[in-house]
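As stored in coords10.cif (mmCIF, C-alpha atoms and all ligand atoms):
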data_my_file
loop_
_atom_site.label_atom_id
_atom_site.label_comp_id
_atom_site.auth_asym_id
_atom_site.auth_seq_id
_atom_site.Cartn_x
_atom_site.Cartn_y
_atom_site.Cartn_z
CA MET A 1 -35.06 1.50 18.97
CA ILE A 2 -33.11 0.40 15.94
CA ALA A 3 -30.06 -1.76 16.73
CA THR A 4 -26.95 -0.93 14.72
CA ARG A 5 -23.97 -3.15 14.03
CA ASN A 6 -21.71 -0.79 15.95
CA GLN A 7 -23.73 -0.29 19.07
CA GLY A 8 -21.48 0.11 22.09
CA ARG A 9 -18.28 0.00 20.03
CA LYS A 10 -15.97 2.94 19.60
CA LEU A 11 -15.29 3.45 15.91
CA THR A 12 -11.99 4.56 14.47
CA ARG A 13 -12.07 7.49 12.07
CA SER A 14 -11.52 5.10 9.17
CA ALA A 15 -14.37 2.84 10.27
CA ARG A 16 -16.66 5.86 10.68
CA ALA A 17 -15.70 6.97 7.18
CA HIS A 18 -16.54 3.50 5.91
CA TRP A 19 -19.98 3.46 7.51
CA ALA A 20 -20.68 6.94 6.27
CA ASN A 21 -19.36 5.96 2.82
CA VAL A 22 -16.80 8.76 3.01
CA GLU A 23 -13.74 8.54 0.82
CA LEU A 24 -10.28 8.66 2.40
CA THR A 25 -6.91 8.95 0.69
CA ALA A 26 -4.68 5.88 0.81
CA TYR A 27 -1.25 5.20 -0.69
CA ILE A 28 0.06 1.90 -1.99
CA GLY A 29 3.48 0.69 -3.10
CA LEU A 30 3.82 -1.52 -6.17
CA GLY A 31 6.72 -3.77 -7.18
CA SER A 32 7.50 -6.50 -9.70
CA ASN A 33 10.68 -8.35 -10.62
CA LEU A 34 9.36 -11.32 -12.60
CA GLY A 35 7.78 -11.42 -16.08
CA PRO A 36 6.64 -8.31 -17.98
CA ARG A 37 7.20 -6.02 -14.97
CA GLU A 38 5.86 -2.69 -16.27
CA GLU A 39 2.88 -4.29 -17.98
CA THR A 40 2.05 -6.12 -14.73
CA LEU A 41 2.06 -2.88 -12.73
CA ARG A 42 -0.08 -1.14 -15.37
CA GLN A 43 -2.62 -3.98 -15.40
CA ALA A 44 -2.71 -4.13 -11.59
CA LEU A 45 -3.52 -0.41 -11.46
CA GLN A 46 -6.23 -0.86 -14.09
CA ASP A 47 -7.73 -3.72 -12.10
CA LEU A 48 -7.61 -1.68 -8.90
CA ALA A 49 -9.29 1.29 -10.58
CA GLY A 50 -12.16 -1.01 -11.64
CA ARG A 51 -12.88 -2.18 -8.08
CA SER A 52 -15.89 -0.84 -6.26
CA GLY A 53 -15.01 1.71 -3.59
CA VAL A 54 -11.58 2.49 -5.08
CA SER A 55 -10.36 5.13 -7.51
CA VAL A 56 -6.74 5.64 -8.53
CA THR A 57 -6.02 9.37 -8.42
CA GLN A 58 -2.22 9.62 -8.91
CA VAL A 59 0.57 7.29 -10.01
CA SER A 60 4.33 7.94 -9.63
CA CYS A 61 6.93 7.19 -12.30
CA PHE A 62 7.97 3.56 -12.69
CA THR A 63 11.59 3.18 -11.49
CA GLU A 64 14.00 0.27 -11.74
CA THR A 65 15.59 -0.58 -8.36
CA GLU A 66 18.00 -3.19 -7.04
CA PRO A 67 16.48 -5.84 -4.73
CA VAL A 68 16.94 -5.33 -0.97
CA GLY A 69 17.29 -8.49 1.17
CA GLY A 70 16.17 -11.99 0.20
CA PRO A 71 17.93 -14.38 -2.20
CA PRO A 72 19.84 -13.18 -5.31
CA GLN A 73 17.23 -11.98 -7.80
CA GLY A 74 16.65 -9.55 -10.64
CA PRO A 75 15.88 -5.82 -10.34
CA PHE A 76 12.40 -4.55 -9.52
CA ILE A 77 10.19 -1.97 -11.11
CA ASN A 78 8.68 0.06 -8.26
CA ALA A 79 5.98 2.70 -8.14
CA ALA A 80 3.51 4.28 -5.73
CA ALA A 81 -0.12 5.22 -6.26
CA GLU A 82 -2.66 7.40 -4.52
CA LEU A 83 -6.18 6.04 -4.06
CA ARG A 84 -9.44 7.50 -2.91
CA THR A 85 -11.35 4.76 -1.18
CA THR A 86 -14.34 3.98 0.99
CA LEU A 87 -12.82 0.60 1.92
CA THR A 88 -11.36 -0.03 5.37
CA PRO A 89 -7.61 -0.85 5.54
CA ARG A 90 -8.44 -4.55 5.93
CA GLU A 91 -10.85 -4.55 2.99
CA LEU A 92 -8.27 -2.75 0.88
CA LEU A 93 -5.57 -5.26 1.87
CA GLY A 94 -7.96 -8.05 0.79
CA VAL A 95 -8.39 -6.41 -2.63
CA LEU A 96 -4.60 -5.92 -3.01
CA GLN A 97 -3.98 -9.59 -2.15
CA GLN A 98 -6.65 -10.74 -4.64
CA ILE A 99 -4.91 -8.75 -7.37
CA GLU A 100 -1.49 -10.16 -6.35
CA ASP A 101 -2.97 -13.67 -6.58
CA GLN A 102 -4.37 -12.98 -10.04
CA PHE A 103 -0.84 -12.30 -11.23
CA GLY A 104 0.32 -15.66 -9.92
CA ARG A 105 2.02 -14.28 -6.82
CA GLU A 106 3.51 -17.08 -4.73
CA ARG A 107 4.23 -16.45 -1.05
CA ASP A 108 6.78 -19.19 -0.38
CA VAL A 109 10.11 -17.28 -0.20
CA ARG A 110 10.18 -14.25 2.13
CA TRP A 111 11.52 -11.25 0.19
CA GLY A 112 11.91 -13.56 -2.82
CA PRO A 113 11.21 -12.68 -6.47
CA ARG A 114 7.60 -11.78 -7.17
CA THR A 115 5.41 -11.09 -10.19
CA LEU A 116 3.54 -8.48 -8.16
CA ASP A 117 3.86 -6.99 -4.69
CA LEU A 118 1.21 -4.54 -3.49
CA ASP A 119 1.65 -2.94 -0.08
CA LEU A 120 -0.75 -0.68 1.77
CA LEU A 121 1.51 2.18 2.87
CA LEU A 122 -0.87 4.72 4.40
CA HIS A 123 -4.64 4.89 4.87
CA GLY A 124 -5.72 8.38 5.89
CA ASP A 125 -4.30 8.86 9.39
CA GLN A 126 -5.32 5.37 10.41
CA VAL A 127 -2.96 3.28 12.56
CA VAL A 128 -3.41 -0.52 12.55
CA SER A 129 -1.15 -2.88 14.51
CA ASP A 130 -2.58 -6.35 13.91
CA PRO A 131 -0.36 -9.40 13.31
CA ASP A 132 -1.36 -9.59 9.65
CA LEU A 133 -1.82 -5.89 8.94
CA GLN A 134 0.26 -2.92 9.99
CA VAL A 135 -0.58 0.56 8.75
CA PRO A 136 1.43 2.66 8.13
CA HIS A 137 3.47 -0.08 6.48
CA PRO A 138 6.35 -0.88 8.90
CA LEU A 139 9.06 -0.58 6.23
CA LEU A 140 7.69 2.59 4.65
CA HIS A 141 10.30 4.88 6.23
CA LYS A 142 13.18 2.39 5.81
CA ARG A 143 13.06 1.77 2.07
CA LEU A 144 14.21 4.23 -0.60
CA PHE A 145 12.35 2.22 -3.24
CA VAL A 146 9.13 3.03 -1.35
CA LEU A 147 9.82 6.62 -0.25
CA GLU A 148 11.19 7.89 -3.58
CA PRO A 149 8.07 7.14 -5.66
CA LEU A 150 5.79 8.07 -2.74
CA CYS A 151 7.52 11.44 -2.45
CA GLN A 152 6.72 12.19 -6.10
CA ILE A 153 2.97 12.05 -5.39
CA ALA A 154 2.65 12.80 -1.64
CA PRO A 155 5.63 14.87 -0.40
CA ASP A 156 3.62 16.73 2.24
CA VAL A 157 1.57 13.86 3.62
CA VAL A 158 2.36 13.29 7.30
CA HIS A 159 3.18 9.83 8.71
CA PRO A 160 0.62 9.45 11.53
CA VAL A 161 3.06 7.71 13.92
CA LEU A 162 6.41 9.37 13.14
CA HIS A 163 4.76 12.79 12.62
CA LYS A 164 7.08 13.61 9.72
CA THR A 165 6.22 14.36 6.11
CA VAL A 166 7.15 11.89 3.39
CA LYS A 167 9.67 14.49 2.16
CA GLN A 168 11.32 14.59 5.62
CA LEU A 169 11.38 10.79 5.89
CA LEU A 170 13.09 10.58 2.50
CA ALA A 171 15.65 13.25 3.47
CA ASP A 172 16.37 11.37 6.75
CA LEU A 173 16.91 8.07 4.92
CA ALA A 174 18.82 9.42 1.94
CA GLY A 175 20.94 11.80 4.05
P1 LIG B 1 4.91 -9.08 1.36
O1 LIG B 1 5.84 -10.24 1.27
O2 LIG B 1 5.59 -7.77 1.50
O3 LIG B 1 3.88 -9.04 0.26
O4 LIG B 1 4.10 -9.28 2.73
C1 LIG B 1 2.84 -9.86 2.72
C2 LIG B 1 2.38 -10.05 4.16
O5 LIG B 1 2.50 -8.85 4.88
C3 LIG B 1 0.92 -10.48 4.19
O6 LIG B 1 0.83 -11.65 4.96
C4 LIG B 1 0.20 -9.33 4.88
O7 LIG B 1 -0.82 -9.80 5.75
C5 LIG B 1 1.31 -8.64 5.64
N1 LIG B 1 1.11 -7.20 5.80
C6 LIG B 1 1.11 -6.56 6.99
N2 LIG B 1 0.89 -5.25 6.82
C7 LIG B 1 0.77 -5.04 5.48
C8 LIG B 1 0.54 -3.87 4.68
N3 LIG B 1 0.41 -2.65 5.24
N4 LIG B 1 0.46 -4.02 3.33
C9 LIG B 1 0.62 -5.25 2.77
N5 LIG B 1 0.84 -6.39 3.46
C10 LIG B 1 0.91 -6.29 4.81
#
Output the file's structure as structure tokens, nothing else.
Amino acid sequence: MIATRNQGRKLTRSARAHWANVELTAYIGLGSNLGPREETLRQALQDLAGRSGVSVTQVSCFTETEPVGGPPQGPFINAAAELRTTLTPRELLGVLQQIEDQFGRERDVRWGPRTLDLDLLLHGDQVVSDPDLQVPHPLLHKRLFVLEPLCQIAPDVVHPVLHKTVKQLLADLAG
């Protein structure tokens, strides 16, 4: 009998998709408020699109937003993007963090200014609640600067925990 790496373990849908090399749809949020903000977001998307197991299928408009929380700092450019990916949420987070690091992202001040912030918002209907990774992103439904661009590209996608569409979450928050 051939032993497999998953013998005896129950696989999540996302993990099954990974093993079967099936693509899932994921959504990320992008933000920058230091340096050439729009150029940084464009280059980050280009870098992401060149990674194995990831394609970028939709990108929202780039919008200037006022910072929320943290120390006084300049306005952000925010956007959201849709990906098709065979990576697991954790693998995708690793790729996002590598790209953040390439743009000189420093992680010293919480909610401080940043050259590039990449957040994994949704990954299929996967739910992850680890200390260093929560999917759906825990602030997804609390931030207009996340929901507004996301709603441009994924209005009818359903949040797998709150069971509401992105359009409904935006109406709840904006209303
Ligand atoms: P931030 O300051 O928003 O870039 O937060 C980065 C930290 O949030 C990292 O230590 C990540 O491990 C953690 N984190 C938890 N869940 C997520 C997620 N869904 N997307 C991005 N970062 C996450």
Please, which residues have at least one atom within 7 Å of an atom of ligand LIG 1 (chain B), using only C-alpha atoms and all ligand atoms, listed as an mmCIF file with C-alpha atoms, keeping the file's coordinate frame?
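That gives us selection.cif:
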data_model
loop_
_atom_site.group_PDB
_atom_site.id
_atom_site.type_symbol
_atom_site.label_atom_id
_atom_site.label_comp_id
_atom_site.auth_asym_id
_atom_site.auth_seq_id
_atom_site.Cartn_x
_atom_site.Cartn_y
_atom_site.Cartn_z
ATOM 1 C CA LEU A 93 -5.570 -5.260 1.870
ATOM 2 C CA ARG A 107 4.230 -16.450 -1.050
ATOM 3 C CA ARG A 110 10.180 -14.250 2.130
ATOM 4 C CA TRP A 111 11.520 -11.250 0.190
ATOM 5 C CA ASP A 117 3.860 -6.990 -4.690
ATOM 6 C CA LEU A 118 1.210 -4.540 -3.490
ATOM 7 C CA ASP A 119 1.650 -2.940 -0.080
ATOM 8 C CA LEU A 120 -0.750 -0.680 1.770
ATOM 9 C CA LEU A 121 1.510 2.180 2.870
ATOM 10 C CA ASP A 132 -1.360 -9.590 9.650
ATOM 11 C CA LEU A 133 -1.820 -5.890 8.940
ATOM 12 C CA GLN A 134 0.260 -2.920 9.990
ATOM 13 C CA VAL A 135 -0.580 0.560 8.750
ATOM 14 C CA PRO A 136 1.430 2.660 8.130
ATOM 15 C CA HIS A 137 3.470 -0.080 6.480
#
- Could you state the separation of CA of Gly29 (chain A) and CA of Gly69 (chain A) in Å, given to one decimal place? 17.1 Å
- Message: Calculated over all atoms listed in the file, which of the candidates A:Pro160, A:Pro36, A:Pro113, A:Leu144 has the smallest distance to Pro71 (chain A)?
- Response: A:Pro113
- Task: Measure the distance from CA of Gln97 (chain A) to CA of Ser32 (chain A) in Å and round it to one decimal.
- Result: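 Calculated distance between CA of Gln97 (chain A) and CA of Ser32 (chain A) is 14.1 Å.
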- Message: Between A:Ala80, A:Leu87, A:Leu122, A:Leu48, which residue has the minimum interatomic distance to Val22 (chain A), considering only C-alpha atoms?
- Response: A:Leu87
- Query: Which neighbours of Leu45 (chain A) fall inside 10 Å, counting only C-alpha atoms, when residues of the same chain fewer than 6 positions from it are skipped, and could you give them as a list in words?
  - Reply: Leu30, Glu39, Ser55, Val56, Val59, Ala81 and Ile99 of chain A
- Message: Using Å and a single decimal, report how far CA of Ala79 (chain A) sits from CA of Leu150 (chain A).
- Response: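 Pair CA of Leu150 (chain A) / CA of Ala79 (chain A) returns 7.6 Å.
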- Message: Quick one: residues within 8 Å of Pro155 (chain A), all atoms listed in the file, excluding same-chain residues fewer than 4 positions away - as a list in words?
- Response: Leu150, Cys151, Thr165, Val166 and Lys167 of chain A
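Of the residues listed (A:Pro131, A:Gly124, A:Pro67, A:Gly74), A:Gly124 shows the shortest atom-to-atom separation from Val158 (chain A); distances use all atoms listed in the file.
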- Note on the structure: Using all atoms listed in the file, the residue out of A:Val68, A:Val128, A:Leu139, A:Leu116 with shortest distance to Thr40 (chain A) is A:Leu116
- From the set A:Cys61, A:Leu96, A:Leu24, A:Val54, which residue has the shortest atom-to-atom contact distance to Glu38 (chain A), counting all atoms listed in the file? A:Cys61
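The residue that comes closest to Thr88 (chain A), out of A:Asp130, A:His163, A:Arg42, A:Glu23 and on the basis of all atoms listed in the file, is A:Glu23.
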